[in-house]
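Before any comments, here is the structure.
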Amino acid sequence: MAPRALTICCDIVRWIPVVFITAIIVWSYYAYVVQMCIFTVPSIAEKVIYLLIYHPILVLFMWSYGKTIFTPCGAVPRQFYLSKSDVDRMSRENEEGQKAVLINAAKELPVLNRTHSGSPRYCEKCRCIKPDRCHHCSVCGQCVLKMDHHCPWVNNCVGFSNYKYFVLFLGYGLLYCTYVSATSLQYFILFWKSGVSKDMGHFHILFLFFVAVMFGISLISLFGYHCYLTASNRSTLESFRAPIFQSGPDKNGFSLGKFNNFTEVFGVDRKLWFIPVFTSETDGVSFPTRNNLQANSNNSYQTMGETPAPSAGDGITYPTRTIDLDSDGLLADRQRWMEEGESDGGGNKIKI
């Protein structure tokens, strides 16, 4: 009973950042529409123009935010989960035996990424072989397809299923803050120069400008960073730790050129690029890679007179590491890494 109550309490606490952001947006609507546009702006034409531009921005902003929150984080397909017999074998085998089990289980799966040992990446908690770009989130308690980070401000993992919505949320949030601060600036200056006033409407407009500028500044760097990641076809996790391919780690392994990288997330239909609807052409399990990556890998084996290795990584010698567990989170602007299963070289497990 106690663990259940603790879980419920944790679930409630995780919604606090979402409630806070929602409350700020609701208050900003009152301050901007009622206190500024209706009661403060003197010109009817100015009121109409402000409100006609404001509401579409607000709708797109809230639509993107809601989709980011309520879209389920992508779950791993059933074919990636080990059978009960393979799980039992994994618990009994030594490291080399575990590697053999994983390679055999992954031979029919579209897996290119691997651990340093050359075996498919495996999650002990979910008991599944991780698809490319997939990671385990300790907060959500599951492996997430193309995981970018866990964001407390949306109480959800940002990954394959909602990354487009998250980028649009940041972009429309920045646009919302910029528009509100720009249109309220003249009234902010007017009330600031007039000194202390007992009119609460003046207070709302003064505070509205400060809040819009503050959130706008924080969104500039975050939105710019995720635009860079989108153009580079990297996740936040991959920007810190390059994915490993047959040829070794390659931070640009999934990069197909800026435009193709963009369309992989936003789709090919230009009319839907900036609308928060799902438009990705990929399935979240397999992703196209740079053409020269596979070519260079095959050429290296042909030069040595060997057959290219299968995608599971058999035949490649890397530093020993069979089990690859990770749980990742992004709190505000700081990445929190918690990776389990690192070896200190003497067989002991350490945490970093």
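The chains in the structure tokens are called A, B, ... from first to last as shown; in each chain the residues are counted from 1, and the ligands are counted from 1 in the order shown.
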For A:Leu219, find every residue with an atom within 12 Å (counting only C-alpha atoms), except residues of its own chain fewer than 4 positions away, and show them as number ranges by chain.
A: 167-178, 212-215, 223-227, 332-333
Selection near A:Leu102, 7 Å with only C-alpha atoms, sequence-local residues under 3 positions removed, as number ranges by chain
A: 98-99, 105-106, 119-120
Output for the residues just chosen: all heavy atoms as a short mmCIF file (atom, residue, chain, number, x, y, z; two decimals), in the first residue's frame:
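Contents of the output file result-v7.cif:
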data_model
loop_
_atom_site.label_atom_id
_atom_site.label_comp_id
_atom_site.auth_asym_id
_atom_site.auth_seq_id
_atom_site.Cartn_x
_atom_site.Cartn_y
_atom_site.Cartn_z
N GLN A 98 25.94 -14.30 -23.26
CA GLN A 98 24.91 -13.28 -23.40
C GLN A 98 25.02 -12.59 -24.76
O GLN A 98 24.01 -12.34 -25.42
CB GLN A 98 25.04 -12.25 -22.28
CG GLN A 98 24.66 -12.78 -20.91
CD GLN A 98 24.88 -11.75 -19.82
OE1 GLN A 98 25.57 -10.75 -20.02
NE2 GLN A 98 24.30 -11.99 -18.65
N LYS A 99 26.24 -12.32 -25.17
CA LYS A 99 26.45 -11.68 -26.46
C LYS A 99 25.93 -12.56 -27.58
O LYS A 99 25.29 -12.07 -28.54
CB LYS A 99 27.94 -11.38 -26.64
CG LYS A 99 28.28 -10.72 -27.97
CD LYS A 99 29.77 -10.40 -28.05
CE LYS A 99 30.13 -9.81 -29.40
NZ LYS A 99 31.57 -9.50 -29.51
N ALA A 105 19.26 -13.26 -31.43
CA ALA A 105 17.92 -12.68 -31.35
C ALA A 105 17.76 -11.48 -32.28
O ALA A 105 16.65 -11.19 -32.73
CB ALA A 105 17.62 -12.27 -29.91
N ALA A 106 18.87 -10.79 -32.57
CA ALA A 106 18.80 -9.56 -33.37
C ALA A 106 19.06 -9.78 -34.85
O ALA A 106 19.02 -8.82 -35.62
CB ALA A 106 19.80 -8.54 -32.83
N SER A 119 27.90 -6.03 -29.52
CA SER A 119 26.62 -6.74 -29.41
C SER A 119 25.48 -5.74 -29.52
O SER A 119 25.66 -4.54 -29.32
CB SER A 119 26.55 -7.48 -28.08
OG SER A 119 26.44 -6.55 -27.01
N PRO A 120 24.28 -6.22 -29.84
CA PRO A 120 23.12 -5.32 -29.84
C PRO A 120 22.91 -4.72 -28.46
O PRO A 120 23.19 -5.35 -27.44
CB PRO A 120 21.96 -6.25 -30.23
CG PRO A 120 22.61 -7.41 -30.90
CD PRO A 120 23.94 -7.59 -30.25
#
Run DSSP on the backbone and give me the residues of stretch 44-268 of chain A it puts in alpha helix (DSSP H), as a VMD selection string.
chain A and resid 44 to 70 84 to 92 95 to 106 163 to 194 200 to 232 236 to 240 258 to 266
Give me, as CSV, the closest atom pair and its distance (Å, one decimal) for every residue of stretch 124-191 of chain A within a cut-off of 12 Å of stretch 249-261 of chain A, counting only C-alpha atoms, rows sorted by chain and rising number.
residue,atom,partner,partner_atom,distance
A:Asp132,CA,A:Phe254,CA,10.2
A:Arg133,CA,A:Phe254,CA,9.7
A:Lys146,CA,A:Phe254,CA,11.6
Just the selected residues (N, CA, C and O atoms), exported as a PDB file, in the first residue's frame, please.
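The resulting again_13.pdb:
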ATOM      1  N   ASP A 132      17.557   1.153 -32.938  1.00  0.00           N
ATOM      2  CA  ASP A 132      18.483   2.267 -33.120  1.00  0.00           C
ATOM      3  C   ASP A 132      17.897   3.545 -32.527  1.00  0.00           C
ATOM      4  O   ASP A 132      16.713   3.837 -32.702  1.00  0.00           O
ATOM      5  N   ARG A 133      18.722   4.276 -31.796  1.00  0.00           N
ATOM      6  CA  ARG A 133      18.407   5.574 -31.217  1.00  0.00           C
ATOM      7  C   ARG A 133      17.426   5.488 -30.044  1.00  0.00           C
ATOM      8  O   ARG A 133      16.946   6.511 -29.556  1.00  0.00           O
ATOM      9  N   LYS A 146      13.781   6.670 -30.311  1.00  0.00           N
ATOM     10  CA  LYS A 146      14.518   7.900 -30.641  1.00  0.00           C
ATOM     11  C   LYS A 146      14.379   8.915 -29.504  1.00  0.00           C
ATOM     12  O   LYS A 146      13.987  10.065 -29.709  1.00  0.00           O
TER      13      LYS A 146
END
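Counting from atom CA of A:Pro17, the distance to atom CA of A:Gln142 is 21.5 Å.
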Which residues are near A:Ile129? Cut-off 7 Å, only C-alpha atoms, ignore same chain within fewer than 6 positions. Put them as number ranges by chain.
A: 80-81, 120-123
Selected residues written out, all heavy atoms, as an mmCIF file, in the first residue's frame:
data_model
loop_
_atom_site.group_PDB
_atom_site.id
_atom_site.type_symbol
_atom_site.label_atom_id
_atom_site.label_comp_id
_atom_site.auth_asym_id
_atom_site.auth_seq_id
_atom_site.Cartn_x
_atom_site.Cartn_y
_atom_site.Cartn_z
ATOM 1 N N PHE A 80 11.021 -6.826 -30.704
ATOM 2 C CA PHE A 80 12.319 -6.517 -30.114
ATOM 3 C C PHE A 80 12.472 -7.107 -28.710
ATOM 4 O O PHE A 80 13.559 -7.056 -28.144
ATOM 5 C CB PHE A 80 12.540 -5.010 -30.065
ATOM 6 C CG PHE A 80 12.877 -4.409 -31.406
ATOM 7 C CD1 PHE A 80 11.873 -4.066 -32.302
ATOM 8 C CD2 PHE A 80 14.192 -4.197 -31.775
ATOM 9 C CE1 PHE A 80 12.168 -3.518 -33.536
ATOM 10 C CE2 PHE A 80 14.507 -3.653 -33.009
ATOM 11 C CZ PHE A 80 13.496 -3.321 -33.899
ATOM 12 N N TYR A 81 11.402 -7.625 -28.145
ATOM 13 C CA TYR A 81 11.476 -8.211 -26.810
ATOM 14 C C TYR A 81 11.962 -9.648 -26.892
ATOM 15 O O TYR A 81 11.568 -10.401 -27.792
ATOM 16 C CB TYR A 81 10.109 -8.149 -26.126
ATOM 17 C CG TYR A 81 9.741 -6.768 -25.653
ATOM 18 C CD1 TYR A 81 9.197 -5.838 -26.535
ATOM 19 C CD2 TYR A 81 9.953 -6.383 -24.341
ATOM 20 C CE1 TYR A 81 8.871 -4.557 -26.118
ATOM 21 C CE2 TYR A 81 9.620 -5.103 -23.909
ATOM 22 C CZ TYR A 81 9.088 -4.200 -24.798
ATOM 23 O OH TYR A 81 8.770 -2.923 -24.376
ATOM 24 N N PRO A 120 24.284 -6.221 -29.836
ATOM 25 C CA PRO A 120 23.125 -5.321 -29.843
ATOM 26 C C PRO A 120 22.909 -4.718 -28.457
ATOM 27 O O PRO A 120 23.193 -5.353 -27.445
ATOM 28 C CB PRO A 120 21.964 -6.251 -30.228
ATOM 29 C CG PRO A 120 22.608 -7.407 -30.899
ATOM 30 C CD PRO A 120 23.937 -7.587 -30.251
ATOM 31 N N ARG A 121 22.404 -3.511 -28.420
ATOM 32 C CA ARG A 121 22.125 -2.858 -27.144
ATOM 33 C C ARG A 121 20.898 -3.518 -26.510
ATOM 34 O O ARG A 121 19.872 -3.703 -27.163
ATOM 35 C CB ARG A 121 21.892 -1.365 -27.358
ATOM 36 C CG ARG A 121 23.089 -0.641 -27.939
ATOM 37 C CD ARG A 121 22.820 0.844 -28.127
ATOM 38 N NE ARG A 121 21.579 1.066 -28.854
ATOM 39 C CZ ARG A 121 20.627 1.912 -28.478
ATOM 40 N NH1 ARG A 121 20.763 2.619 -27.374
ATOM 41 N NH2 ARG A 121 19.534 2.062 -29.195
ATOM 42 N N TYR A 122 21.020 -3.857 -25.241
ATOM 43 C CA TYR A 122 19.969 -4.599 -24.542
ATOM 44 C C TYR A 122 19.581 -3.879 -23.261
ATOM 45 O O TYR A 122 20.431 -3.362 -22.539
ATOM 46 C CB TYR A 122 20.467 -6.017 -24.225
ATOM 47 C CG TYR A 122 19.531 -6.851 -23.389
ATOM 48 C CD1 TYR A 122 18.336 -7.312 -23.906
ATOM 49 C CD2 TYR A 122 19.845 -7.165 -22.065
ATOM 50 C CE1 TYR A 122 17.471 -8.082 -23.143
ATOM 51 C CE2 TYR A 122 18.991 -7.939 -21.296
ATOM 52 C CZ TYR A 122 17.797 -8.392 -21.848
ATOM 53 O OH TYR A 122 16.943 -9.161 -21.088
ATOM 54 N N CYS A 123 18.277 -3.833 -22.993
ATOM 55 C CA CYS A 123 17.773 -3.217 -21.767
ATOM 56 C C CYS A 123 17.341 -4.314 -20.807
ATOM 57 O O CYS A 123 16.401 -5.067 -21.095
ATOM 58 C CB CYS A 123 16.602 -2.292 -22.079
ATOM 59 S SG CYS A 123 15.880 -1.517 -20.604
#
Write out as a list in words all residues of stretch 83-195 of chain A that DSSP puts in strand (DSSP E or B) for this structure's backbone.
Tyr122, Cys123, Cys128, Ile129, His135, His136, Cys137, Gln142, Cys143, Val144, His149, His150, Cys151, Asn156, Cys157 and Val158 of chain A
I need the chosen residues saved as an mmCIF file, in the first residue's frame, with N, CA, C and O atoms.
data_model
loop_
_atom_site.group_PDB
_atom_site.id
_atom_site.type_symbol
_atom_site.label_atom_id
_atom_site.label_comp_id
_atom_site.auth_asym_id
_atom_site.auth_seq_id
_atom_site.Cartn_x
_atom_site.Cartn_y
_atom_site.Cartn_z
ATOM 1 N N TYR A 122 21.020 -3.857 -25.241
ATOM 2 C CA TYR A 122 19.969 -4.599 -24.542
ATOM 3 C C TYR A 122 19.581 -3.879 -23.261
ATOM 4 O O TYR A 122 20.431 -3.362 -22.539
ATOM 5 N N CYS A 123 18.277 -3.833 -22.993
ATOM 6 C CA CYS A 123 17.773 -3.217 -21.767
ATOM 7 C C CYS A 123 17.341 -4.314 -20.807
ATOM 8 O O CYS A 123 16.401 -5.067 -21.095
ATOM 9 N N CYS A 128 14.402 -6.121 -23.578
ATOM 10 C CA CYS A 128 14.267 -6.018 -25.026
ATOM 11 C C CYS A 128 15.575 -5.545 -25.645
ATOM 12 O O CYS A 128 16.407 -4.929 -24.975
ATOM 13 N N ILE A 129 15.747 -5.873 -26.923
ATOM 14 C CA ILE A 129 16.855 -5.322 -27.701
ATOM 15 C C ILE A 129 16.431 -3.919 -28.127
ATOM 16 O O ILE A 129 15.344 -3.726 -28.669
ATOM 17 N N HIS A 135 16.393 4.606 -26.104
ATOM 18 C CA HIS A 135 17.021 4.610 -24.783
ATOM 19 C C HIS A 135 15.957 4.364 -23.724
ATOM 20 O O HIS A 135 14.770 4.605 -23.950
ATOM 21 N N HIS A 136 16.406 3.904 -22.573
ATOM 22 C CA HIS A 136 15.489 3.662 -21.465
ATOM 23 C C HIS A 136 15.375 4.916 -20.602
ATOM 24 O O HIS A 136 16.372 5.523 -20.229
ATOM 25 N N CYS A 137 14.146 5.294 -20.288
ATOM 26 C CA CYS A 137 13.895 6.446 -19.414
ATOM 27 C C CYS A 137 13.462 5.939 -18.049
ATOM 28 O O CYS A 137 12.460 5.214 -17.937
ATOM 29 N N GLN A 142 10.254 2.993 -19.180
ATOM 30 C CA GLN A 142 10.202 2.210 -20.403
ATOM 31 C C GLN A 142 11.253 2.702 -21.391
ATOM 32 O O GLN A 142 11.809 3.798 -21.237
ATOM 33 N N CYS A 143 11.521 1.874 -22.392
ATOM 34 C CA CYS A 143 12.398 2.292 -23.477
ATOM 35 C C CYS A 143 11.592 3.160 -24.438
ATOM 36 O O CYS A 143 10.444 2.842 -24.758
ATOM 37 N N VAL A 144 12.197 4.249 -24.899
ATOM 38 C CA VAL A 144 11.510 5.240 -25.723
ATOM 39 C C VAL A 144 12.195 5.323 -27.079
ATOM 40 O O VAL A 144 13.415 5.490 -27.158
ATOM 41 N N HIS A 149 15.071 13.422 -24.666
ATOM 42 C CA HIS A 149 15.254 13.670 -23.244
ATOM 43 C C HIS A 149 13.903 13.558 -22.551
ATOM 44 O O HIS A 149 12.856 13.538 -23.204
ATOM 45 N N HIS A 150 13.930 13.465 -21.242
ATOM 46 C CA HIS A 150 12.682 13.553 -20.470
ATOM 47 C C HIS A 150 12.536 14.992 -19.999
ATOM 48 O O HIS A 150 13.402 15.529 -19.309
ATOM 49 N N CYS A 151 11.426 15.609 -20.345
ATOM 50 C CA CYS A 151 11.218 17.030 -20.035
ATOM 51 C C CYS A 151 10.181 17.180 -18.933
ATOM 52 O O CYS A 151 9.007 16.811 -19.123
ATOM 53 N N ASN A 156 6.649 14.401 -19.793
ATOM 54 C CA ASN A 156 6.653 13.353 -20.807
ATOM 55 C C ASN A 156 8.051 13.231 -21.385
ATOM 56 O O ASN A 156 8.860 14.156 -21.284
ATOM 57 N N CYS A 157 8.306 12.080 -21.981
ATOM 58 C CA CYS A 157 9.548 11.927 -22.721
ATOM 59 C C CYS A 157 9.398 12.571 -24.091
ATOM 60 O O CYS A 157 8.350 12.430 -24.747
ATOM 61 N N VAL A 158 10.403 13.274 -24.523
ATOM 62 C CA VAL A 158 10.432 13.832 -25.866
ATOM 63 C C VAL A 158 11.220 12.857 -26.737
ATOM 64 O O VAL A 158 12.379 12.554 -26.447
#
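Pairwise distance (atom CA of A:His202, atom CA of A:Trp27) equals 14.3 Å.
The spacing separating atom CA of A:Cys10 from atom CA of A:Pro77 amounts to 27.6 Å.
For A:Pro276, the non-local neighbours within 8 Å, defined as residues at least 4 positions apart in the same chain or in other chains and counting only C-alpha atoms, are Leu60, Trp63, Ser64, Lys67, Lys164, Tyr165, Leu168 and Leu272 of chain A.
Candidate residues A:Gly141, A:Gly66, A:Pro3, A:Gly97 were compared for distance to A:Trp153, and the nearest is A:Gly66, using only C-alpha atoms.
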